[in-house]
Amino acid sequence: MLWYKSWLETRSRFLIGLAVMMLTAAGAVLVYPRVMKLLPLANTVDTSGELGRQIREGAELMRSYRGYVWGQWIRQSLTQMGTLFAVLLGSGALLSSASGSSALFMLSMPASRNRVLGIRVATGLWELLVLALIPALLIPVLSPGVGERYPVIDAVLHGLCFFVAAAVFFSLAQLLSTVFNDLWRPLLIACGVAVALALIEQAARGQWTYGIFRLMSGEDYFRTGHVPWLGLLGSAAASAVMLYGATRAIARQDF
């Protein structure tokens, strides 16, 4: 009952997210031949300044199919849309007004508050894992259609890096949803934190060796072939701390 109810409350966000991310992944692969035809035009663009640096970097990445997929799909579309849907899946938990009287109904059932919240969290994390892996696996499936190959292991590892890092924003939204009794404040605050971290990371690019979005895109694996275990463990620990805080906040509240 609890599992099914958690699924019903999040299925629309999950299914919309899955459809959007799959369509975006498929589009990134299918437009690859057209992008390659436009690549020579990059040599005619003024490449001075920061904008020029970004153009040069993008053009260099697209000289290989693996670089194109990482630069266009993983680093941009996957991290941006994936973060949004991670926050959406985590927002509006047990006490959200979006749940209406069903929250009190769930609490009246013979299950502890920690179990109710744990099932909510587990459902959301499974949905986030599917969002991480299914669109990523579309890349190697569709790549032969444009005359290219993409390793399945790369797709899986990038998907897992995204999942572990995005779970931090999911957990933050869950924690905020135990503090605010509505859907929008946790959503907006978590998105605001994500934007702030992205801007800080972009400003400090080249000075830091770690960043949540660098980890989410699997940049270290892409550039060196090494899985960023330390960053993954740190992100998992941060998620665990926030989810533990959510359980303590629920336990202290009087319904």
# chains A, B, ... in the order shown; residues from 1 in each chain; ligands from 1
>>> closest_atom_pairs(of="range 91-203 of chain A", to="range 218-233 of chain A", cutoff="8 Å", atoms="only C-alpha atoms", output="CSV")
residue,atom,partner,partner_atom,distance
A:Leu157,CA,A:Gly218,CA,7.8
A:His158,CA,A:Gly218,CA,5.5
A:Cys161,CA,A:Gly218,CA,5.7
A:Phe162,CA,A:Gly218,CA,7.2
A:Val164,CA,A:Leu232,CA,6.3
A:Ala165,CA,A:Leu232,CA,7.1
>>> residues_around(residues="Arg13 in chain A", least_positions_apart="3", cutoff="10 Å", atoms="only C-alpha atoms", output="number ranges by chain")
A: 9-10, 16-18, 85-86, 88-89, 127
>>> write_last_selection(atoms="C-alpha atoms", output="compact mmCIF listing (two decimals), in the first residue's frame")
# COMPACT_ATOMS: atom_id res chain seq x y z
CA GLU A 9 2.19 10.58 -5.98
CA THR A 10 5.39 10.78 -8.02
CA ILE A 16 7.35 13.26 -17.78
CA GLY A 17 11.02 13.40 -16.81
CA LEU A 18 11.74 10.05 -18.42
CA PHE A 85 13.76 16.34 -12.12
CA ALA A 86 15.77 15.14 -9.11
CA LEU A 88 10.95 17.56 -8.45
CA LEU A 89 11.02 13.95 -7.30
CA GLU A 127 12.86 6.61 -10.12
>>> residues_around(residues="Ala122 in chain A", least_positions_apart="5", cutoff="10 Å", atoms="only C-alpha atoms", output="list of chain:residue names")
A:Trp3, A:Ser6, A:Leu117, A:Glu127, A:Leu128
>>> write_last_selection(atoms="N, CA and C atoms", output="tab-separated table (two decimals), in the first residue's frame")
chain	number	residue	atom	x	y	z
A	3	TRP	N	4.07	1.58	-0.78
A	3	TRP	CA	4.86	1.66	-2.00
A	3	TRP	C	4.01	2.16	-3.17
A	6	SER	N	3.17	5.87	-2.80
A	6	SER	CA	4.33	6.71	-3.13
A	6	SER	C	4.52	6.79	-4.64
A	117	LEU	N	8.48	7.55	5.56
A	117	LEU	CA	9.42	8.42	4.86
A	117	LEU	C	10.44	7.59	4.09
A	127	GLU	N	13.27	5.85	-8.94
A	127	GLU	CA	12.86	6.61	-10.12
A	127	GLU	C	14.02	7.44	-10.67
A	128	LEU	N	14.80	8.03	-9.77
A	128	LEU	CA	15.96	8.81	-10.20
A	128	LEU	C	17.00	7.93	-10.88
>>> closest_atom_pairs(of="range 109-163 of chain A", to="range 78-84 of chain A", cutoff="9 Å", atoms="only C-alpha atoms", output="tab-separated table")
residue	atom	partner	partner_atom	distance
A:Leu128	CA	A:Gly82	CA	8.5
A:Leu131	CA	A:Gly82	CA	7.6
A:Ala132	CA	A:Gly82	CA	7.7
A:Pro135	CA	A:Leu78	CA	8.9
A:Ala136	CA	A:Leu78	CA	8.7
A:Phe162	CA	A:Thr79	CA	7.2
A:Phe163	CA	A:Gly82	CA	8.8
>>> atom_distance(atom1="CA of Lys37 in chain A", atom2="CA of Val141 in chain A")
22.7 Å
>>> atom_distance(atom1="CA of Arg63 in chain A", atom2="CA of Ile200 in chain A")
28.6 Å
>>> closest_residue(among="A:Thr24, A:Thr123, A:Ser112, A:Ser239", to="Ile74 in chain A", atoms="only C-alpha atoms")
A:Thr24
>>> atom_distance(atom1="CA of Asn114 in chain A", atom2="CA of Thr247 in chain A")
6.0 Å
>>> residues_around(residues="range 147-152 of chain A", least_positions_apart="5", cutoff="7 Å", atoms="only C-alpha atoms", output="PyMOL selection string")
chain A and resi 66+137+139-140
>>> write_last_selection(atoms="C-alpha atoms", output="CSV table (one decimal), in the first residue's frame")
chain,number,residue,atom,x,y,z
A,66,ARG,CA,32.5,10.4,-27.5
A,137,LEU,CA,21.6,3.6,-22.5
A,139,ILE,CA,23.0,6.6,-26.7
A,140,PRO,CA,24.8,3.3,-27.5
>>> select_by_dssp(residues="range 72-228 of chain A", states="alpha helix (DSSP H)", output="JSON, numbers by chain")
{"A": [79, 80, 81, 82, 83, 84, 85, 86, 87, 88, 89, 90, 102, 103, 104, 105, 106, 107, 108, 113, 114, 115, 116, 117, 118, 119, 120, 121, 122, 123, 124, 125, 126, 127, 128, 129, 130, 131, 132, 133, 134, 135, 136, 137, 138, 139, 140, 141, 142, 152, 153, 154, 155, 156, 157, 158, 159, 160, 161, 162, 163, 164, 165, 166, 167, 168, 169, 170, 171, 172, 173, 174, 175, 176, 177, 184, 185, 186, 187, 188, 189, 190, 191, 192, 193, 194, 195, 196, 197, 198, 199, 200, 201, 202, 203, 212, 213, 214, 215, 216, 219, 220, 221, 222, 223, 224]}
>>> write_last_selection(atoms="C-alpha atoms", output="JSON list (two decimals), in the first residue's frame")
[["chain", "number", "residue", "atom", "x", "y", "z"],
["A", 79, "THR", "CA", 23.02, 17.58, -15.74],
["A", 80, "GLN", "CA", 20.60, 20.49, -16.23],
["A", 81, "MET", "CA", 17.38, 18.58, -16.80],
["A", 82, "GLY", "CA", 18.38, 15.76, -14.47],
["A", 83, "THR", "CA", 18.96, 18.16, -11.59],
["A", 84, "LEU", "CA", 15.53, 19.70, -12.11],
["A", 85, "PHE", "CA", 13.76, 16.34, -12.12],
["A", 86, "ALA", "CA", 15.77, 15.14, -9.11],
["A", 87, "VAL", "CA", 14.49, 18.15, -7.18],
["A", 88, "LEU", "CA", 10.95, 17.56, -8.45],
["A", 89, "LEU", "CA", 11.02, 13.95, -7.30],
["A", 90, "GLY", "CA", 12.29, 14.97, -3.87],
["A", 102, "SER", "CA", -3.66, 11.56, 2.46],
["A", 103, "ALA", "CA", -0.64, 12.44, 4.61],
["A", 104, "LEU", "CA", -2.71, 12.01, 7.77],
["A", 105, "PHE", "CA", -4.18, 8.81, 6.36],
["A", 106, "MET", "CA", -0.71, 7.40, 5.79],
["A", 107, "LEU", "CA", 0.37, 8.32, 9.30],
["A", 108, "SER", "CA", -2.69, 6.56, 10.71],
["A", 113, "ARG", "CA", 7.05, 7.58, 10.47],
["A", 114, "ASN", "CA", 10.56, 6.47, 9.51],
["A", 115, "ARG", "CA", 9.12, 3.62, 7.45],
["A", 116, "VAL", "CA", 6.67, 5.92, 5.68],
["A", 117, "LEU", "CA", 9.42, 8.42, 4.86],
["A", 118, "GLY", "CA", 11.85, 5.62, 3.99],
["A", 119, "ILE", "CA", 9.44, 4.24, 1.40],
["A", 120, "ARG", "CA", 8.98, 7.72, -0.06],
["A", 121, "VAL", "CA", 12.74, 8.14, -0.33],
["A", 122, "ALA", "CA", 13.32, 4.67, -1.78],
["A", 123, "THR", "CA", 10.63, 5.19, -4.42],
["A", 124, "GLY", "CA", 12.13, 8.52, -5.45],
["A", 125, "LEU", "CA", 15.67, 7.14, -5.61],
["A", 126, "TRP", "CA", 14.60, 4.20, -7.77],
["A", 127, "GLU", "CA", 12.86, 6.61, -10.12],
["A", 128, "LEU", "CA", 15.96, 8.81, -10.20],
["A", 129, "LEU", "CA", 18.12, 5.78, -11.01],
["A", 130, "VAL", "CA", 15.87, 4.93, -13.95],
["A", 131, "LEU", "CA", 16.10, 8.55, -15.15],
["A", 132, "ALA", "CA", 19.88, 8.25, -14.96],
["A", 133, "LEU", "CA", 20.31, 4.94, -16.78],
["A", 134, "ILE", "CA", 17.56, 4.55, -19.40],
["A", 135, "PRO", "CA", 18.25, 7.78, -21.36],
["A", 136, "ALA", "CA", 22.00, 7.13, -21.07],
["A", 137, "LEU", "CA", 21.61, 3.64, -22.52],
["A", 138, "LEU", "CA", 19.73, 5.09, -25.50],
["A", 139, "ILE", "CA", 23.02, 6.60, -26.67],
["A", 140, "PRO", "CA", 24.77, 3.28, -27.50],
["A", 141, "VAL", "CA", 21.50, 1.84, -28.84],
["A", 142, "LEU", "CA", 20.89, 4.70, -31.31],
["A", 152, "VAL", "CA", 27.79, 0.74, -23.03],
["A", 153, "ILE", "CA", 30.18, 0.86, -20.06],
["A", 154, "ASP", "CA", 30.65, 4.60, -20.60],
["A", 155, "ALA", "CA", 26.89, 5.11, -20.67],
["A", 156, "VAL", "CA", 26.42, 3.14, -17.44],
["A", 157, "LEU", "CA", 29.27, 4.85, -15.58],
["A", 158, "HIS", "CA", 28.15, 8.33, -16.61],
["A", 159, "GLY", "CA", 24.61, 7.41, -15.60],
["A", 160, "LEU", "CA", 25.77, 6.24, -12.17],
["A", 161, "CYS", "CA", 27.88, 9.37, -11.64],
["A", 162, "PHE", "CA", 24.83, 11.44, -12.47],
["A", 163, "PHE", "CA", 22.63, 9.39, -10.11],
["A", 164, "VAL", "CA", 24.92, 9.70, -7.08],
["A", 165, "ALA", "CA", 25.47, 13.45, -7.57],
["A", 166, "ALA", "CA", 21.82, 14.23, -8.40],
["A", 167, "ALA", "CA", 20.76, 12.30, -5.28],
["A", 168, "VAL", "CA", 22.29, 15.18, -3.28],
["A", 169, "PHE", "CA", 19.69, 17.58, -4.69],
["A", 170, "PHE", "CA", 16.95, 14.97, -4.27],
["A", 171, "SER", "CA", 17.93, 14.58, -0.61],
["A", 172, "LEU", "CA", 18.06, 18.35, -0.11],
["A", 173, "ALA", "CA", 14.53, 18.65, -1.50],
["A", 174, "GLN", "CA", 13.38, 15.84, 0.82],
["A", 175, "LEU", "CA", 14.90, 17.59, 3.82],
["A", 176, "LEU", "CA", 13.32, 20.91, 2.89],
["A", 177, "SER", "CA", 9.96, 19.18, 2.42],
["A", 184, "TRP", "CA", 6.97, 25.14, -4.04],
["A", 185, "ARG", "CA", 9.33, 26.39, -1.34],
["A", 186, "PRO", "CA", 11.40, 23.17, -1.22],
["A", 187, "LEU", "CA", 11.43, 23.11, -5.02],
["A", 188, "LEU", "CA", 12.53, 26.73, -5.44],
["A", 189, "ILE", "CA", 15.10, 26.68, -2.64],
["A", 190, "ALA", "CA", 16.71, 23.45, -3.88],
["A", 191, "CYS", "CA", 16.81, 24.81, -7.45],
["A", 192, "GLY", "CA", 18.30, 28.05, -6.16],
["A", 193, "VAL", "CA", 21.04, 26.13, -4.35],
["A", 194, "ALA", "CA", 21.76, 24.17, -7.54],
["A", 195, "VAL", "CA", 22.03, 27.36, -9.62],
["A", 196, "ALA", "CA", 24.31, 29.00, -7.04],
["A", 197, "LEU", "CA", 26.61, 25.96, -6.94],
["A", 198, "ALA", "CA", 26.72, 25.86, -10.75],
["A", 199, "LEU", "CA", 27.71, 29.53, -10.94],
["A", 200, "ILE", "CA", 30.39, 29.13, -8.26],
["A", 201, "GLU", "CA", 31.77, 26.05, -9.97],
["A", 202, "GLN", "CA", 31.83, 27.80, -13.33],
["A", 203, "ALA", "CA", 33.62, 30.83, -11.86],
["A", 212, "ILE", "CA", 29.03, 18.61, -7.74],
["A", 213, "PHE", "CA", 28.31, 19.23, -11.43],
["A", 214, "ARG", "CA", 31.78, 18.10, -12.46],
["A", 215, "LEU", "CA", 31.02, 14.87, -10.65],
["A", 216, "MET", "CA", 27.52, 14.67, -12.09],
["A", 219, "GLU", "CA", 34.22, 14.72, -16.22],
["A", 220, "ASP", "CA", 37.11, 12.98, -14.47],
["A", 221, "TYR", "CA", 36.10, 9.65, -16.00],
["A", 222, "PHE", "CA", 35.69, 11.22, -19.43],
["A", 223, "ARG", "CA", 39.09, 12.93, -19.38],
["A", 224, "THR", "CA", 41.21, 10.40, -17.48]]
